[in-house]
Structure formats: C-alpha cells, structure tokens
$ cat input03.txt   # compact mmCIF, C-alpha atoms
# COMPACT_ATOMS: atom_id res chain seq x y z
CA MET A 2 14.86 37.51 3.04
CA ASP A 3 12.70 38.68 5.90
CA LYS A 4 14.54 41.00 8.30
CA LYS A 5 13.55 38.96 11.37
CA LEU A 6 14.67 35.77 9.67
CA GLU A 7 17.98 37.38 8.69
CA ASN A 8 18.74 38.15 12.35
CA ILE A 9 18.05 34.54 13.32
CA VAL A 10 20.24 33.20 10.51
CA GLN A 11 23.05 35.53 11.58
CA ALA A 12 22.74 34.29 15.15
CA LEU A 13 22.96 30.69 13.92
CA GLN A 14 25.99 31.52 11.80
CA LYS A 15 27.69 33.06 14.82
CA ASP A 16 26.79 30.31 17.32
CA PHE A 17 27.16 27.20 15.17
CA ASP A 18 29.37 28.28 12.26
CA ALA A 19 26.47 27.49 9.95
CA SER A 20 26.54 28.23 6.24
CA LEU A 21 23.56 29.72 4.40
CA GLU A 22 21.96 29.02 1.06
CA GLU A 23 19.15 31.27 -0.04
CA PHE A 24 16.55 30.28 -2.60
CA ARG A 25 13.63 32.56 -3.45
CA SER A 26 13.80 34.20 0.00
CA GLU A 27 13.81 30.82 1.76
CA ALA A 28 16.71 30.26 4.14
CA HIS A 29 18.52 26.91 4.08
CA VAL A 30 21.01 26.66 6.93
CA PHE A 31 23.67 23.94 6.76
CA VAL A 32 25.10 22.57 10.01
CA GLN A 33 27.21 19.59 11.01
CA PRO A 34 25.52 16.38 12.32
CA GLU A 35 26.95 16.68 15.84
CA GLN A 36 25.49 20.19 16.23
CA ILE A 37 21.94 19.42 15.18
CA VAL A 38 20.47 18.82 18.65
CA ASP A 39 21.84 22.16 19.88
CA VAL A 40 20.66 23.98 16.74
CA VAL A 41 17.13 22.61 16.98
CA THR A 42 16.99 23.28 20.72
CA SER A 43 18.16 26.87 20.29
CA LEU A 44 15.70 27.44 17.43
CA ARG A 45 12.91 26.20 19.66
CA ASP A 46 13.87 27.88 22.94
CA VAL A 47 15.67 31.07 21.87
CA HIS A 48 14.21 31.94 18.46
CA GLY A 49 10.63 30.77 18.92
CA PHE A 50 10.36 28.04 16.28
CA GLU A 51 7.92 25.95 18.29
CA LEU A 52 6.82 23.64 15.45
CA MET A 53 8.85 21.09 13.52
CA SER A 54 6.65 20.89 10.45
CA ALA A 55 8.77 18.39 8.55
CA LEU A 56 11.72 16.10 9.09
CA THR A 57 12.81 14.36 5.94
CA ALA A 58 15.83 13.48 3.83
CA VAL A 59 17.04 13.72 0.24
CA ASP A 60 19.43 11.50 -1.67
CA TYR A 61 21.59 13.48 -4.14
CA TRP A 62 23.52 10.44 -5.40
CA PRO A 63 25.48 10.49 -7.67
CA GLN A 64 25.78 14.28 -8.18
CA GLU A 65 26.80 15.35 -4.69
CA GLU A 66 29.13 14.27 -1.96
CA PRO A 67 28.08 13.73 0.83
CA ARG A 68 25.05 12.17 -0.80
CA PHE A 69 22.31 12.60 1.85
CA HIS A 70 20.81 15.72 3.35
CA VAL A 71 18.63 15.35 6.42
CA ILE A 72 16.20 18.27 6.40
CA TYR A 73 14.58 19.86 9.45
CA GLN A 74 11.81 22.26 8.46
CA MET A 75 11.05 24.56 11.38
CA THR A 76 8.08 26.89 11.65
CA SER A 77 7.38 29.73 14.04
CA VAL A 78 3.65 30.21 14.36
CA THR A 79 4.00 33.27 16.60
CA LYS A 80 6.49 35.07 14.31
CA ASN A 81 5.12 33.68 11.02
CA LEU A 82 8.59 32.49 9.96
CA SER A 83 9.95 29.35 8.44
CA ILE A 84 13.52 28.10 8.28
CA GLN A 85 15.13 24.98 6.89
CA VAL A 86 18.07 23.31 8.60
CA ARG A 87 20.05 20.81 6.53
CA VAL A 88 22.56 18.24 7.74
CA PRO A 89 24.79 16.66 5.07
CA VAL A 90 25.40 12.96 5.75
CA ALA A 91 27.92 10.73 3.98
CA ALA A 92 27.03 7.22 2.85
CA THR A 93 30.08 5.72 4.60
CA ARG A 94 28.76 6.53 8.06
CA PRO A 95 25.10 7.62 7.81
CA GLU A 96 24.50 8.67 11.42
CA VAL A 97 22.86 11.73 12.93
CA PRO A 98 22.01 12.35 16.61
CA THR A 99 18.30 12.02 17.29
CA VAL A 100 16.19 15.12 17.99
CA SER A 101 13.29 13.09 19.34
CA GLY A 102 14.23 14.38 22.81
CA VAL A 103 13.57 17.93 21.61
CA PHE A 104 10.52 17.31 19.45
CA ALA A 105 8.58 14.12 20.24
CA SER A 106 7.09 14.21 16.75
CA ALA A 107 10.55 13.51 15.34
CA ASN A 108 10.35 9.94 16.64
CA TRP A 109 8.31 8.43 13.80
CA ARG A 110 9.83 10.72 11.17
CA GLU A 111 13.30 9.53 12.05
CA ARG A 112 12.05 5.96 11.83
CA GLU A 113 10.71 6.73 8.37
CA ILE A 114 14.09 8.14 7.28
CA LEU A 115 15.80 5.06 8.71
CA ASP A 116 13.38 2.87 6.77
CA MET A 117 13.52 4.71 3.46
CA PHE A 118 17.13 5.97 3.37
CA GLY A 119 19.05 3.85 5.87
CA ILE A 120 20.25 6.88 7.86
CA HIS A 121 20.65 5.91 11.50
CA PHE A 122 19.77 8.16 14.41
CA ASP A 123 22.01 7.92 17.45
CA GLY A 124 20.07 7.52 20.68
CA HIS A 125 16.71 6.95 19.03
CA PRO A 126 14.38 5.24 21.54
CA ASP A 127 12.80 2.83 19.04
CA PRO A 128 14.85 2.35 15.87
CA ARG A 129 12.63 0.00 13.85
CA ARG A 130 11.26 0.16 10.31
CA ILE A 131 7.95 1.99 10.16
CA LEU A 132 6.62 1.60 6.60
CA MET A 133 8.19 -1.52 5.10
CA PRO A 134 7.86 -5.03 6.57
CA ALA A 135 10.39 -5.73 9.33
CA ASP A 136 12.29 -8.30 7.23
CA TRP A 137 12.63 -6.06 4.19
CA GLU A 138 16.10 -5.67 2.68
CA GLY A 139 17.33 -2.35 1.33
CA HIS A 140 16.08 1.20 1.58
CA PRO A 141 13.57 2.03 -1.19
CA LEU A 142 14.04 5.80 -1.51
CA ARG A 143 17.80 5.61 -2.10
CA LYS A 144 18.58 6.61 -5.67
CA ASP A 145 20.56 3.40 -6.31
CA TYR A 146 17.56 1.25 -5.31
CA PRO A 147 16.00 -0.53 -8.34
CA LEU A 148 13.12 1.52 -9.72
CA GLY A 149 10.78 -1.23 -10.87
CA TYR A 150 9.97 -4.26 -8.76
CA GLU A 151 9.03 -6.81 -11.43
CA GLU A 152 9.73 -6.79 -15.16
CA PRO A 153 6.50 -6.17 -17.13
CA GLN A 154 5.13 -9.26 -18.83
CA PHE A 155 4.82 -9.26 -22.62
CA THR A 156 4.12 -12.12 -25.01
CA PHE A 157 7.82 -12.78 -25.63
CA ASN A 158 8.81 -13.06 -21.96
CA PHE A 159 5.53 -14.17 -20.40
CA ASP A 160 6.50 -17.77 -19.64
CA GLU A 161 9.90 -16.85 -18.29
CA ILE A 162 8.46 -14.38 -15.75
CA ASP A 163 5.55 -16.67 -14.97
CA LEU A 164 7.97 -19.38 -13.85
CA ARG A 165 9.62 -17.03 -11.37
CA LYS A 166 6.34 -15.72 -9.93
CA PRO A 167 5.63 -16.91 -6.36
CA TYR A 168 2.00 -18.04 -6.71
CA ALA A 169 0.03 -18.52 -3.50
CA LYS A 170 -1.17 -21.95 -2.41
CA GLU A 171 -4.63 -22.81 -1.09
CA MET B 7 -43.25 -20.03 -17.59
CA GLY B 8 -41.53 -22.24 -15.08
CA VAL B 9 -40.09 -25.70 -15.35
CA GLU B 10 -43.35 -27.26 -14.10
CA GLN B 11 -45.16 -26.14 -17.24
CA LYS B 12 -42.60 -27.78 -19.45
CA LEU B 13 -42.79 -31.02 -17.51
CA GLY B 14 -46.56 -31.17 -17.19
CA ASN B 15 -48.04 -31.90 -13.78
CA MET B 16 -45.60 -34.53 -12.59
CA GLY B 17 -44.19 -32.47 -9.72
CA VAL B 18 -40.84 -34.20 -10.06
CA VAL B 19 -37.55 -32.97 -11.49
CA THR B 20 -34.62 -35.29 -11.89
CA THR B 21 -31.07 -33.97 -11.75
CA THR B 22 -27.76 -34.79 -10.17
CA LEU B 23 -26.81 -33.75 -6.66
CA GLU B 24 -23.71 -32.08 -8.02
CA THR B 25 -25.79 -29.78 -10.23
CA VAL B 26 -28.12 -28.84 -7.40
CA VAL B 27 -25.28 -28.10 -4.99
CA ASN B 28 -23.39 -26.03 -7.55
CA TRP B 29 -26.58 -24.23 -8.57
CA SER B 30 -27.39 -23.32 -4.98
CA ARG B 31 -23.83 -22.14 -4.39
CA THR B 32 -24.00 -19.74 -7.31
CA ARG B 33 -27.41 -18.44 -6.27
CA ALA B 34 -26.34 -17.38 -2.81
CA MET B 35 -22.72 -16.40 -3.18
CA TRP B 36 -22.05 -13.78 -0.58
CA PRO B 37 -19.02 -11.53 -1.16
CA MET B 38 -16.95 -10.09 1.61
CA LEU B 39 -17.49 -6.39 2.26
CA PHE B 40 -14.15 -4.70 1.83
CA GLY B 41 -12.44 -2.51 -0.73
CA LEU B 42 -8.79 -1.50 -1.01
CA ALA B 43 -8.81 1.35 -3.55
CA CYS B 44 -10.78 3.02 -6.32
CA CYS B 45 -12.08 -0.33 -7.68
CA ALA B 46 -14.21 -0.50 -4.54
CA ILE B 47 -16.22 2.47 -5.83
CA GLU B 48 -17.14 0.49 -8.94
CA MET B 49 -17.92 -2.52 -6.75
CA MET B 50 -20.33 -0.40 -4.68
CA SER B 51 -21.85 0.84 -7.91
CA ALA B 52 -22.32 -2.74 -9.11
CA GLN B 53 -24.14 -3.51 -5.88
CA ALA B 54 -26.37 -0.44 -6.00
CA ALA B 55 -29.67 0.07 -7.79
CA HIS B 56 -28.35 0.91 -11.27
CA TYR B 57 -26.52 -2.37 -11.84
CA ASP B 58 -28.05 -4.39 -9.01
CA MET B 59 -25.81 -7.40 -8.57
CA SER B 60 -28.48 -9.05 -6.39
CA ARG B 61 -30.01 -10.26 -9.66
CA PHE B 62 -27.19 -12.80 -9.58
CA GLY B 63 -27.60 -13.85 -5.97
CA MET B 64 -25.04 -11.40 -4.59
CA GLU B 65 -27.30 -9.20 -2.51
CA LEU B 66 -25.50 -9.62 0.77
CA MET B 67 -22.06 -8.17 1.30
CA ARG B 68 -20.93 -9.83 4.50
CA ALA B 69 -18.79 -7.78 6.88
CA SER B 70 -17.28 -10.93 8.37
CA PRO B 71 -15.07 -13.37 6.47
CA ARG B 72 -16.70 -16.23 8.39
CA GLN B 73 -20.00 -15.64 6.59
CA SER B 74 -18.71 -15.00 3.07
CA ASP B 75 -18.01 -17.24 0.10
CA LEU B 76 -16.33 -14.85 -2.30
CA MET B 77 -13.48 -12.43 -1.80
CA ILE B 78 -13.49 -9.57 -4.30
CA VAL B 79 -10.03 -8.01 -4.10
CA ALA B 80 -10.96 -4.52 -5.27
CA GLY B 81 -7.77 -2.50 -5.54
CA ARG B 82 -4.04 -2.56 -5.10
CA VAL B 83 -2.61 -4.70 -2.33
CA SER B 84 0.33 -3.14 -0.50
CA ARG B 85 2.98 -5.30 1.14
CA LYS B 86 1.70 -4.34 4.57
CA MET B 87 -1.83 -5.34 3.52
CA GLY B 88 -0.78 -8.75 2.14
CA PRO B 89 -0.66 -10.63 5.48
CA VAL B 90 -4.00 -9.06 6.48
CA LEU B 91 -5.60 -10.18 3.23
CA ARG B 92 -4.23 -13.70 3.62
CA ARG B 93 -5.58 -13.86 7.15
CA LEU B 94 -9.05 -12.82 5.97
CA TYR B 95 -8.88 -15.50 3.27
CA ASP B 96 -7.86 -18.15 5.79
CA GLN B 97 -10.85 -17.24 7.98
CA MET B 98 -13.34 -17.82 5.17
CA PRO B 99 -15.06 -21.22 5.31
CA GLU B 100 -14.75 -23.66 2.41
CA PRO B 101 -15.86 -23.56 -0.36
CA LYS B 102 -14.41 -20.14 -1.13
CA TRP B 103 -13.45 -18.22 -4.23
CA VAL B 104 -11.36 -15.18 -5.00
CA LEU B 105 -12.04 -12.63 -7.71
CA SER B 106 -9.20 -10.26 -8.52
CA MET B 107 -10.83 -7.01 -9.62
CA GLY B 108 -8.89 -4.57 -11.78
CA ASP B 109 -5.37 -4.27 -13.10
CA CYS B 110 -3.69 -3.45 -9.77
CA ALA B 111 -4.98 -6.55 -8.01
CA SER B 112 -4.32 -8.73 -11.07
CA CYS B 113 -0.78 -7.70 -12.00
CA GLY B 114 0.25 -4.60 -10.08
CA GLY B 115 -1.09 -2.25 -12.74
CA VAL B 116 0.82 1.01 -12.94
CA PHE B 117 2.32 0.47 -9.49
CA ASN B 118 5.45 -1.42 -10.46
CA ASN B 119 7.33 -0.64 -7.26
CA TYR B 120 8.44 -1.89 -3.89
CA ALA B 121 5.22 -1.06 -2.06
CA ILE B 122 2.62 -3.03 -4.06
CA TYR B 123 2.19 -6.75 -4.71
CA GLN B 124 2.57 -7.49 -8.41
CA GLY B 125 -0.67 -9.43 -8.49
CA VAL B 126 -2.72 -10.62 -5.54
CA ASP B 127 -2.16 -14.22 -6.73
CA GLU B 128 1.11 -14.02 -4.78
CA VAL B 129 -0.99 -13.88 -1.60
CA VAL B 130 -4.20 -15.82 -2.27
CA PRO B 131 -5.17 -18.23 -5.08
CA VAL B 132 -7.29 -16.35 -7.63
CA ASP B 133 -10.17 -17.90 -9.61
CA VAL B 134 -11.18 -15.06 -11.92
CA TYR B 135 -9.28 -11.95 -13.05
CA VAL B 136 -11.24 -8.90 -14.20
CA ALA B 137 -9.29 -6.45 -16.37
CA GLY B 138 -9.84 -2.70 -16.36
CA CYS B 139 -8.68 0.39 -14.50
CA PRO B 140 -11.13 0.36 -12.83
CA PRO B 141 -13.45 -2.21 -14.46
CA ARG B 142 -16.96 -0.95 -15.07
CA PRO B 143 -19.74 -2.60 -13.04
CA GLU B 144 -20.71 -4.60 -16.15
CA ALA B 145 -17.19 -6.01 -16.25
CA LEU B 146 -17.36 -7.01 -12.59
CA ILE B 147 -20.73 -8.67 -13.11
CA HIS B 148 -19.31 -10.48 -16.12
CA GLY B 149 -16.43 -11.66 -13.96
CA VAL B 150 -18.87 -12.95 -11.36
CA VAL B 151 -20.91 -14.77 -14.00
CA THR B 152 -17.67 -16.27 -15.33
CA LEU B 153 -16.96 -17.48 -11.81
CA TYR B 154 -20.42 -19.09 -11.74
CA GLU B 155 -19.52 -21.02 -14.88
CA LYS B 156 -16.43 -22.25 -13.08
CA VAL B 157 -18.51 -23.27 -10.06
CA TYR B 158 -20.96 -25.16 -12.29
CA GLY B 159 -18.05 -27.22 -13.56
CA GLU B 160 -16.86 -28.24 -10.09
CA LYS B 161 -17.06 -31.91 -9.13
CA PHE B 162 -17.36 -33.52 -5.70
CA THR B 163 -14.23 -35.48 -6.51
CA ASP B 164 -12.30 -32.19 -6.73
CA TYR B 165 -13.24 -31.41 -3.13
CA ALA B 166 -12.39 -34.96 -2.10
CA ASP B 167 -8.93 -34.49 -3.59
CA LYS B 168 -8.48 -31.20 -1.77
CA ALA B 169 -9.53 -32.60 1.61
$ encode --input "input03.txt" --output "structure tokens"
Amino acid sequence: MDKKLENIVQALQKDFDASLEEFRSEAHVFVQPEQIVDVVTSLRDVHGFELMSALTAVDYWPQEEPRFHVIYQMTSVTKNLSIQVRVPVAATRPEVPTVSGVFASANWREREILDMFGIHFDGHPDPRRILMPADWEGHPLRKDYPLGYEEPQFTFNFDEIDLRKPYAKE
Amino acid sequence: MGVEQKLGNMGVVTTTLETVVNWSRTRAMWPMLFGLACCAIEMMSAQAAHYDMSRFGMELMRASPRQSDLMIVAGRVSRKMGPVLRRLYDQMPEPKWVLSMGDCASCGGVFNNYAIYQGVDEVVPVDVYVAGCPPRPEALIHGVVTLYEKVYGEKFTDYADKA
C-alpha cells in the first residue's frame, strides 16, 4: 500500500474504529452505518479526498451476513490516491444515513441503490425510484430477484405462454 | 410499356375504389423517423443509396408522428420507453401500421430481463415482425413489402368495424 494512503487508513482506524481489508494494494475500509457521514466528511475535509467517484452497493446473498455492502469510492485528485469505504448493511433493517449533504452527487446514486437494492437512506431529500417505473415491485439487482423475466417460447410451450402474454390493443 | 399500351387508346381504366385507395396507401407510406438501438443502423442503411427504400414509396422519414403512417420499431424497447412509444403511436393518424424490426422488438431477443419489454406487441399492436439480429436491409424491405400485401387485402368494411 502507498505510504500516504497507509497514514490515512491508520487515522481512520484510530478515529472510527474502522477495519481494513487490503486487496492488490487497494484499501477497503469497513465502518458502521451510523459513522458513514463523519467518515466521508473527514475524508473530504481532513484527508483531501475531494471526489466521490462512485457510490454503489453489492449483494453477497447467500454467502455473507450481513448481505449488503454499500460502497463509497473516494478519490483524491491532488494526492493521486483512491480509497474504498464499505458499510455492511443487514437485510432486516437496510438503512444507511445519507451522504448527499456532503457530496451532492450522492443524491441520484443513493436513489439508484434504493431502486436496485432496496437500501434506504435516512434523511435523503428525494427518495424515489430513479431507473425503474414508479409502480415497479421488487429490487432487480438483489440476488434473490428472478433472473429471467419471461420464459422463452418453444414449440411445446408456445400456446401456454401466448395465452398469458398481455397483447396491446388498438 | 405502361398500362395504356395494353389497353389501346381508350384512356380509361376500370378498377375498384378499394384497390386504388390501398394502392395509393402503399405507394406513399411514410415511416416515422426514430430508432431505438442497433437495428436503426440497418434501417438507415435500407433508406440510403445502396438499398434505396424509396423504390417502394418510403422516401420520406417523417420526424413527426402526425405526418407518418408506419412505425418501424427498430430496437429493444425498455420499460421506461414503453409509455413514450405508446404515446407516439397514439399521435399517429389513422390508418397506421407498426413493423417490429429485429428480435429485440419482436420478442425481447437476448434481453430476457426486467428492463426490456418481451416484445413490443405488449405496447402497440404489431402488423409485421421482421426476424434477425439485426435484420439486413433486404429483410427490412421484405418486411415492408409483406406489409404492403397486408394493406392490399384491407377492406373498407374493416375500417367501418373499427370506427
């Protein structure tokens, strides 16, 4: 790991009791959901990570518990550093405080995570779906979401599927 | 070698009104100018000099649904695009036809997932399906000619029933 990055990770471990996972010299820092606003703020203001290059989530169901990780990928353009902050979230209460007050760009990304994974963001100014239609049920990127939408039609099941198909009227 | 030479110098052709109306509809069928995915590239190619769809009376792609007769759905239709497509269809004046171009528009193609309609016939009524991924311009032209055959078979009574 880069020496400068190591100092920052150590500071995070001291301040927020964060745990570290290292993979091919990339730093993944794990923190608790209630700390995330403070962690992101301190990365921005104290350590110079002025760009949130990605905010996304992963579903590790059924291998891991808690099943979701919300991932904050931070970049420092001035120091040429990159760090990943991960927040584990359980399926029973999928809630994380919003960081849209710290980075305005997090607004739509948090909406996307809400849409695709069903993870809610406390205090989000506009918690609506962003990609799927507003009346859609379910969260498509969860691992327990059905993979295919419609069974493929073959000669043996053509009529059966054709009956169920919602054909449009004039 | 026109029809007047076959008929001599009478200057009169007898036919039915239905035939004339259907013939004129096929000879000036204007498609709507829009494409949704890679099929649109083949549609442009069919319109351009090499394949030249204007031989079949399709020389004008209209940018407004209010001036077009044929909707060529060229590409996959996402669930967010569905209402938009339906609205365009509703704005087209009667008589109107829909050609579903390619596998994605016809049945979802390889995109069997939550984001794509499994066939545009869930959104608008389709007259002709053209298979292929994407269909070559010849296939699209064949689909259009197939649609003409359908138009030739239309009766006034069908429109009376619809209205």
$ atom_distance --input "input03.txt" --atom1 "atom CA of A:Arg130" --atom2 "atom CA of A:Val103"
21.2 Å
$ closest_atom_pairs --input "input03.txt" --of "chain B" --to "chain A" --cutoff "10 Å" --atoms "all atoms listed in the file" --output "Markdown table"
| residue | atom | partner | partner_atom | distance |
| --- | --- | --- | --- | --- |
| B:Ser84 | CA | A:Met133 | CA | 9.8 |
| B:Arg85 | CA | A:Pro134 | CA | 7.3 |
| B:Lys86 | CA | A:Pro134 | CA | 6.5 |
| B:Arg92 | CA | A:Ala169 | CA | 9.6 |
| B:Tyr95 | CA | A:Glu171 | CA | 9.5 |
| B:Asp96 | CA | A:Glu171 | CA | 8.9 |
| B:Cys113 | CA | A:Pro153 | CA | 9.0 |
| B:Gly114 | CA | A:Glu151 | CA | 9.2 |
| B:Gly115 | CA | A:Pro153 | CA | 9.6 |
| B:Phe117 | CA | A:Gly149 | CA | 8.7 |
| B:Asn118 | CA | A:Gly149 | CA | 5.3 |
| B:Asn119 | CA | A:Tyr150 | CA | 4.7 |
| B:Tyr120 | CA | A:Tyr150 | CA | 5.6 |
| B:Ala121 | CA | A:Met133 | CA | 7.8 |
| B:Ile122 | CA | A:Tyr150 | CA | 8.8 |
| B:Tyr123 | CA | A:Tyr150 | CA | 9.1 |
| B:Gln124 | CA | A:Glu151 | CA | 7.2 |
| B:Gly125 | CA | A:Tyr168 | CA | 9.2 |
| B:Val126 | CA | A:Ala169 | CA | 8.6 |
| B:Asp127 | CA | A:Tyr168 | CA | 5.6 |
| B:Glu128 | CA | A:Tyr168 | CA | 4.5 |
| B:Val129 | CA | A:Ala169 | CA | 5.1 |
| B:Val130 | CA | A:Ala169 | CA | 5.2 |
| B:Pro131 | CA | A:Ala169 | CA | 5.4 |
| B:Val132 | CA | A:Ala169 | CA | 8.7 |
| B:Lys168 | CA | A:Glu171 | CA | 9.3 |
$ atom_distance --input "input03.txt" --atom1 "atom CA of A:Val100" --atom2 "atom CA of A:Glu65"
25.0 Å
$ atom_distance --input "input03.txt" --atom1 "atom CA of B:Tyr57" --atom2 "atom CA of B:Met98"
26.5 Å
$ closest_residue --input "input03.txt" --among "B:Val83, B:Pro143, B:Met35, B:Thr21" --to "B:His56" --atoms "all atoms listed in the file"
B:Pro143
$ residues_around --input "input03.txt" --residues "stretch 136-139 of chain B" --least-positions-apart "4" --cutoff "8 Å" --atoms "all atoms listed in the file" --output "list in words"
Cys45, Leu105, Ser106, Met107, Gly108, Asp109, Cys110, Ser112, Ala145, Leu146 and Gly149 of chain B
$ residues_around --input "input03.txt" --residues "B:Ala34" --least-positions-apart "2" --cutoff "7 Å" --atoms "only C-alpha atoms" --output "JSON, numbers by chain"
{"B": [30, 31, 32, 36, 63, 64]}
$ closest_residue --input "input03.txt" --among "B:Arg82, B:Trp29, B:Leu39, B:Ser51" --to "B:Met67" --atoms "all atoms listed in the file"
B:Leu39
